[in-house]
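Asks: This is coords37.pdb (PDB, C-alpha atoms).
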```
ATOM      1  CA  MET H1464       0.000   0.000   0.000  1.00  0.00           C
ATOM      2  CA  ALA H1465       1.368   3.429  -0.942  1.00  0.00           C
ATOM      3  CA  ASN H1466       2.039   6.010   1.728  1.00  0.00           C
ATOM      4  CA  SER H1467       0.228   9.330   1.751  1.00  0.00           C
ATOM      5  CA  LEU H1468       1.751  12.700   2.563  1.00  0.00           C
ATOM      6  CA  ASP H1469       0.222  12.389   6.047  1.00  0.00           C
ATOM      7  CA  ASP H1470       1.966   9.023   6.444  1.00  0.00           C
ATOM      8  CA  VAL H1471       5.281  10.620   5.499  1.00  0.00           C
ATOM      9  CA  ILE H1472       4.815  13.457   8.005  1.00  0.00           C
ATOM     10  CA  ASP H1473       3.740  11.002  10.723  1.00  0.00           C
ATOM     11  CA  GLY H1474       6.766   8.810   9.999  1.00  0.00           C
ATOM     12  CA  ALA H1475       9.069  11.821  10.043  1.00  0.00           C
ATOM     13  CA  LEU H1476       7.709  12.924  13.421  1.00  0.00           C
ATOM     14  CA  ARG H1477       8.237   9.403  14.806  1.00  0.00           C
ATOM     15  CA  VAL H1478      11.855   9.452  13.628  1.00  0.00           C
ATOM     16  CA  LEU H1479      12.358  12.904  15.122  1.00  0.00           C
ATOM     17  CA  ASP H1480      10.850  11.861  18.452  1.00  0.00           C
ATOM     18  CA  ALA H1481      12.938   8.673  18.587  1.00  0.00           C
ATOM     19  CA  ARG H1482      16.292  10.001  17.333  1.00  0.00           C
ATOM     20  CA  GLY H1483      16.218  13.781  17.576  1.00  0.00           C
ATOM     21  CA  MET H1484      17.101  16.340  14.955  1.00  0.00           C
ATOM     22  CA  GLU H1485      20.795  15.425  15.035  1.00  0.00           C
ATOM     23  CA  PHE H1486      20.062  12.000  13.579  1.00  0.00           C
ATOM     24  CA  PHE H1487      17.016  12.914  11.482  1.00  0.00           C
ATOM     25  CA  SER H1488      17.387  12.085   7.800  1.00  0.00           C
ATOM     26  CA  MET H1489      15.296  11.274   4.774  1.00  0.00           C
ATOM     27  CA  ARG H1490      16.840   7.788   4.764  1.00  0.00           C
ATOM     28  CA  ARG H1491      15.659   7.183   8.318  1.00  0.00           C
ATOM     29  CA  VAL H1492      12.147   8.404   7.456  1.00  0.00           C
ATOM     30  CA  ALA H1493      12.119   6.053   4.462  1.00  0.00           C
ATOM     31  CA  ALA H1494      13.257   3.163   6.682  1.00  0.00           C
ATOM     32  CA  GLU H1495      10.514   4.014   9.192  1.00  0.00           C
ATOM     33  CA  LEU H1496       7.970   3.739   6.370  1.00  0.00           C
ATOM     34  CA  ASP H1497       9.665   0.681   4.860  1.00  0.00           C
ATOM     35  CA  VAL H1498      10.205   2.367   1.490  1.00  0.00           C
ATOM     36  CA  GLN H1499      13.152   3.506  -0.585  1.00  0.00           C
ATOM     37  CA  PRO H1500      14.236   7.128   0.061  1.00  0.00           C
ATOM     38  CA  SER H1501      13.259   8.059  -3.492  1.00  0.00           C
ATOM     39  CA  ALA H1502       9.623   7.227  -2.641  1.00  0.00           C
ATOM     40  CA  LEU H1503       9.534  10.182  -0.237  1.00  0.00           C
ATOM     41  CA  TYR H1504      10.231  12.606  -3.057  1.00  0.00           C
ATOM     42  CA  HIS H1505       6.850  11.797  -4.601  1.00  0.00           C
ATOM     43  CA  HIS H1506       5.390  13.657  -1.609  1.00  0.00           C
ATOM     44  CA  VAL H1507       8.000  16.281  -0.688  1.00  0.00           C
ATOM     45  CA  GLU H1508      10.549  18.135  -2.783  1.00  0.00           C
ATOM     46  CA  ASN H1509      13.330  17.997  -0.185  1.00  0.00           C
ATOM     47  CA  LYS H1510      14.145  17.756   3.511  1.00  0.00           C
ATOM     48  CA  GLN H1511      13.376  21.449   4.092  1.00  0.00           C
ATOM     49  CA  THR H1512       9.885  20.976   2.711  1.00  0.00           C
ATOM     50  CA  LEU H1513       9.370  18.013   5.006  1.00  0.00           C
ATOM     51  CA  LEU H1514      10.620  20.025   8.001  1.00  0.00           C
ATOM     52  CA  THR H1515       8.159  22.784   7.097  1.00  0.00           C
ATOM     53  CA  LEU H1516       5.290  20.299   7.012  1.00  0.00           C
ATOM     54  CA  MET H1517       6.460  18.834  10.323  1.00  0.00           C
ATOM     55  CA  ALA H1518       6.563  22.304  11.882  1.00  0.00           C
ATOM     56  CA  ALA H1519       3.042  22.960  10.628  1.00  0.00           C
ATOM     57  CA  ARG H1520       1.894  19.674  12.150  1.00  0.00           C
ATOM     58  CA  ILE H1521       3.549  20.500  15.483  1.00  0.00           C
ATOM     59  CA  VAL H1522       2.023  23.983  15.875  1.00  0.00           C
ATOM     60  CA  GLY H1523      -1.038  23.559  13.660  1.00  0.00           C
ATOM     61  CA  PRO H1524      -3.438  22.513  16.424  1.00  0.00           C
ATOM     62  CA  VAL H1525      -2.597  25.591  18.520  1.00  0.00           C
ATOM     63  CA  THR H1526      -5.484  28.049  18.727  1.00  0.00           C
ATOM     64  CA  ILE H1527      -4.432  31.646  18.151  1.00  0.00           C
ATOM     65  CA  ASP H1528      -6.567  34.253  19.893  1.00  0.00           C
ATOM     66  CA  GLU H1529      -6.297  37.588  21.691  1.00  0.00           C
ATOM     67  CA  ASP H1530      -4.791  36.058  24.856  1.00  0.00           C
ATOM     68  CA  LEU H1531      -1.188  36.122  23.658  1.00  0.00           C
ATOM     69  CA  VAL H1532       0.164  34.832  26.966  1.00  0.00           C
ATOM     70  CA  ALA H1533      -2.034  31.727  26.719  1.00  0.00           C
ATOM     71  CA  VAL H1534      -1.205  31.379  23.003  1.00  0.00           C
ATOM     72  CA  SER H1535       2.509  31.497  23.845  1.00  0.00           C
ATOM     73  CA  HIS H1536       2.084  28.754  26.439  1.00  0.00           C
ATOM     74  CA  ARG H1537       0.110  26.628  23.975  1.00  0.00           C
ATOM     75  CA  LEU H1538       2.810  27.050  21.310  1.00  0.00           C
ATOM     76  CA  ARG H1539       5.498  26.157  23.836  1.00  0.00           C
ATOM     77  CA  ASP H1540       3.581  23.084  25.016  1.00  0.00           C
ATOM     78  CA  ALA H1541       3.079  21.929  21.416  1.00  0.00           C
ATOM     79  CA  MET H1542       6.796  22.182  20.672  1.00  0.00           C
ATOM     80  CA  LEU H1543       7.766  20.567  23.983  1.00  0.00           C
ATOM     81  CA  GLY H1544       5.435  17.687  23.119  1.00  0.00           C
ATOM     82  CA  ILE H1545       7.908  16.202  20.657  1.00  0.00           C
ATOM     83  CA  ARG H1546      11.643  15.801  20.959  1.00  0.00           C
ATOM     84  CA  ASP H1547      13.391  18.700  19.222  1.00  0.00           C
ATOM     85  CA  GLY H1548      10.013  20.095  18.176  1.00  0.00           C
ATOM     86  CA  ALA H1549      11.249  23.633  18.797  1.00  0.00           C
ATOM     87  CA  GLU H1550      14.285  23.050  16.582  1.00  0.00           C
ATOM     88  CA  VAL H1551      12.040  21.962  13.719  1.00  0.00           C
ATOM     89  CA  VAL H1552       9.822  25.019  14.146  1.00  0.00           C
ATOM     90  CA  ALA H1553      12.915  27.243  14.512  1.00  0.00           C
ATOM     91  CA  THR H1554      14.320  25.880  11.246  1.00  0.00           C
ATOM     92  CA  ALA H1555      11.091  26.550   9.385  1.00  0.00           C
ATOM     93  CA  THR H1556      10.906  30.029  10.926  1.00  0.00           C
ATOM     94  CA  ALA H1557      14.525  30.922  10.156  1.00  0.00           C
ATOM     95  CA  PHE H1558      14.058  30.009   6.508  1.00  0.00           C
ATOM     96  CA  ARG H1559      10.608  31.676   6.492  1.00  0.00           C
ATOM     97  CA  LEU H1560       9.064  28.386   5.423  1.00  0.00           C
ATOM     98  CA  GLY H1561       5.396  28.146   6.276  1.00  0.00           C
ATOM     99  CA  THR H1562       5.525  29.844   9.657  1.00  0.00           C
ATOM    100  CA  SER H1563       4.597  33.231   8.235  1.00  0.00           C
ATOM    101  CA  GLU H1564       0.947  32.212   8.568  1.00  0.00           C
ATOM    102  CA  LEU H1565       1.471  31.723  12.292  1.00  0.00           C
ATOM    103  CA  GLU H1566       3.176  35.093  12.531  1.00  0.00           C
ATOM    104  CA  ALA H1567       0.337  36.709  10.566  1.00  0.00           C
ATOM    105  CA  GLU H1568      -2.245  35.166  12.910  1.00  0.00           C
ATOM    106  CA  LEU H1569      -0.372  36.528  15.945  1.00  0.00           C
ATOM    107  CA  ALA H1570      -0.201  39.959  14.288  1.00  0.00           C
ATOM    108  CA  LYS H1571      -4.010  40.066  14.095  1.00  0.00           C
ATOM    109  CA  TYR H1572      -4.002  40.382  17.889  1.00  0.00           C
ATOM    110  CA  SER H1573      -0.946  42.613  18.268  1.00  0.00           C
ATOM    111  CA  SER H1574       1.319  44.173  15.653  1.00  0.00           C
ATOM    112  CA  PRO H1575       3.721  42.680  13.104  1.00  0.00           C
ATOM    113  CA  ASP H1576       6.715  43.605  15.279  1.00  0.00           C
ATOM    114  CA  ILE H1577       5.249  42.134  18.449  1.00  0.00           C
ATOM    115  CA  ALA H1578       4.128  39.020  16.580  1.00  0.00           C
ATOM    116  CA  ARG H1579       7.604  38.373  15.167  1.00  0.00           C
ATOM    117  CA  THR H1580       9.350  39.131  18.457  1.00  0.00           C
ATOM    118  CA  LEU H1581       6.940  36.945  20.404  1.00  0.00           C
ATOM    119  CA  LEU H1582       7.266  34.050  17.972  1.00  0.00           C
ATOM    120  CA  ILE H1583      11.065  34.202  17.966  1.00  0.00           C
ATOM    121  CA  TYR H1584      11.107  34.407  21.778  1.00  0.00           C
ATOM    122  CA  VAL H1585       8.721  31.482  22.276  1.00  0.00           C
ATOM    123  CA  ILE H1586      10.603  29.289  19.807  1.00  0.00           C
ATOM    124  CA  GLY H1587      14.026  30.251  21.143  1.00  0.00           C
ATOM    125  CA  HIS H1588      13.152  29.810  24.810  1.00  0.00           C
ATOM    126  CA  THR H1589      11.462  26.499  24.060  1.00  0.00           C
ATOM    127  CA  GLN H1590      14.464  25.309  22.072  1.00  0.00           C
ATOM    128  CA  ALA H1591      16.776  26.235  24.965  1.00  0.00           C
ATOM    129  CA  THR H1592      14.430  24.467  27.386  1.00  0.00           C
ATOM    130  CA  GLN H1593      14.462  21.296  25.290  1.00  0.00           C
ATOM    131  CA  LEU H1594      18.251  21.329  25.012  1.00  0.00           C
ATOM    132  CA  HIS H1595      18.625  21.942  28.736  1.00  0.00           C
ATOM    133  CA  SER H1596      16.171  19.166  29.559  1.00  0.00           C
ATOM    134  CA  GLN H1597      17.997  16.673  27.336  1.00  0.00           C
ATOM    135  CA  ALA H1598      21.375  17.577  28.830  1.00  0.00           C
ATOM    136  CA  SER H1599      20.108  17.419  32.413  1.00  0.00           C
ATOM    137  CA  THR H1600      18.403  14.073  31.741  1.00  0.00           C
ATOM    138  CA  LEU H1601      21.767  12.722  30.599  1.00  0.00           C
ATOM    139  CA  GLY H1602      23.343  14.063  33.790  1.00  0.00           C
ATOM    140  CA  LEU H1603      25.557  16.515  31.913  1.00  0.00           C
ATOM    141  CA  ILE H1604      24.210  19.560  33.757  1.00  0.00           C
ATOM    142  CA  PRO H1605      21.986  20.097  36.790  1.00  0.00           C
ATOM    143  CA  HIS H1606      18.281  20.705  36.204  1.00  0.00           C
ATOM    144  CA  ASP H1607      17.300  24.394  36.132  1.00  0.00           C
ATOM    145  CA  PRO H1608      14.028  24.757  38.054  1.00  0.00           C
ATOM    146  CA  ASP H1609      13.607  28.356  36.808  1.00  0.00           C
ATOM    147  CA  LEU H1610      12.994  27.610  33.113  1.00  0.00           C
ATOM    148  CA  ASP H1611       9.198  27.824  33.303  1.00  0.00           C
ATOM    149  CA  GLU H1612       9.225  30.985  35.390  1.00  0.00           C
ATOM    150  CA  SER H1613      11.843  32.633  33.188  1.00  0.00           C
ATOM    151  CA  PHE H1614       9.542  31.976  30.226  1.00  0.00           C
ATOM    152  CA  VAL H1615       6.701  33.757  32.028  1.00  0.00           C
ATOM    153  CA  ARG H1616       8.958  36.703  32.922  1.00  0.00           C
ATOM    154  CA  GLY H1617      10.106  37.031  29.309  1.00  0.00           C
ATOM    155  CA  LEU H1618       6.511  37.074  28.086  1.00  0.00           C
ATOM    156  CA  ALA H1619       5.722  39.848  30.553  1.00  0.00           C
ATOM    157  CA  ILE H1620       8.626  41.914  29.222  1.00  0.00           C
ATOM    158  CA  ILE H1621       7.668  41.430  25.569  1.00  0.00           C
ATOM    159  CA  LEU H1622       3.954  41.971  26.100  1.00  0.00           C
ATOM    160  CA  ASP H1623       4.559  44.808  28.601  1.00  0.00           C
ATOM    161  CA  ARG H1624       2.463  43.224  31.349  1.00  0.00           C
TER     162      ARG H1624
END
```
Produce structure tokens that represent the structure in this file.
Replies:
Amino acid sequence: MANSLDDVIDGALRVLDARGMEFFSMRRVAAELDVQPSALYHHVENKQTLLTLMAARIVGPVTIDEDLVAVSHRLRDAMLGIRDGAEVVATATAFRLGTSELEAELAKYSSPDIARTLLIYVIGHTQATQLHSQASTLGLIPHDPDLDESFVRGLAIILDR
């Protein structure tokens, strides 16, 4: 049975969650789906396109509304829900691949500058949190109990609350 685009994205997210971004590759996604790597290119043009679709899947369910603090927490939770989820979203954002819709939605409830700043902050803090969590889990560094509160303080600074 042939895989659909949704199957490819699901398989890619499983590989990401199991191996992390460092060991994420099109070959591993193909192996996860039990197909040749060339079969993936019937659905996606390249790895960057797949990362964009993965980022959209990670943050897609997040409801964007006027409560930007709650929206920021929902975005953070969505990215924290999958290993290296923030790195995938950061990659798509840095290359301006697909995340502009998210930024535009945030701007409806603020301004373009606040929306971009908020999005970059949420992604960056979440990425740092994920990296810190992985390193502390491996015993490389002590756990930082202030990560959640520092996120809240940063939101207050950005949103002037």
Asks: Between atom CA of H:Ala1494 and atom CA of H:Ala1598, what is the distance in Å, rounded to a tenth?
Replies: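 It comes out at 27.6 Å.
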Asks: Using only C-alpha atoms, which of the listed residues (H:Lys1571, H:His1595, H:His1588, H:Arg1490) sits closest to H:Asp1528?
Replies: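 Using only C-alpha atoms, H:Asp1528 sits closest to H:Lys1571.
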Asks: Using only C-alpha atoms, which residues sit within 10 Å of H:Ser1467 once same-chain residues fewer than 3 positions away are excluded, as a list in words?
Replies: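 Here the qualifying residues turn out to be Met1464, Asp1470, Val1471, Ile1472, Asp1473, Leu1503, His1505 and His1506 of chain H.
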Asks: Just to confirm, what's the straight-line distance from atom CA of H:Leu1581 to atom CA of H:Ala1475 in Å (one decimal)?
Replies: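 For atom CA of H:Leu1581 relative to atom CA of H:Ala1475, the distance reads 27.3 Å.
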Asks: Please, what distance in Å, to one decimal, runs between atom CA of H:Glu1612 and atom CA of H:Arg1482?
Replies: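 Interatomic distance here is 28.6 Å.
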Asks: Calculated over only C-alpha atoms, which of the candidates H:Leu1514, H:Val1522, H:Ala1570, H:Ile1577 has the smallest distance to H:Leu1543?
Replies: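 Distance minimum relative to H:Leu1543 lands on H:Val1522.
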Asks: Near H:Gly1474, within 7 Å and counting all atoms listed in the file, which residues show up once chain neighbours fewer than 6 positions away are dropped, as a list in words?
Replies: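 Close residues of H:Gly1474: Val1492, Glu1495 and Leu1496 of chain H.
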Asks: With the file shown as input, list the residues that the PyMOL selection byres ((chain H and resi 1529) around 9) selects, as a ChimeraX atom specification.
Replies: /H:1527-1528,1530-1534,1569,1571-1573
Asks: May I have the residues within 10 Å of H:Asp1547 as a PyMOL selection string, using all atoms listed in the file and disregarding those fewer than 4 positions away in the same chain?
Replies: chain H and resi 1476+1479-1480+1482-1485+1542-1543+1551-1553+1589-1590+1593-1594+1597
Asks: Select, from H:Asp1609, H:Thr1556, H:Val1478, H:Ser1574, the residue with the minimum atom-to-atom distance to H:Ala1519, counting only C-alpha atoms.
Replies: H:Thr1556
Asks: Do you know which residues the PyMOL selection byres ((chain H and resi 1615) around 12) returns on this file, as a count of residues only?
Replies: 25
Asks: Might you spell out which residues the PyMOL selection byres ((chain H and resi 1515) around 12) would select in the displayed file, as a ChimeraX atom specification?
Replies: /H:1472,1475-1476,1507-1514,1516-1523,1548,1550-1564
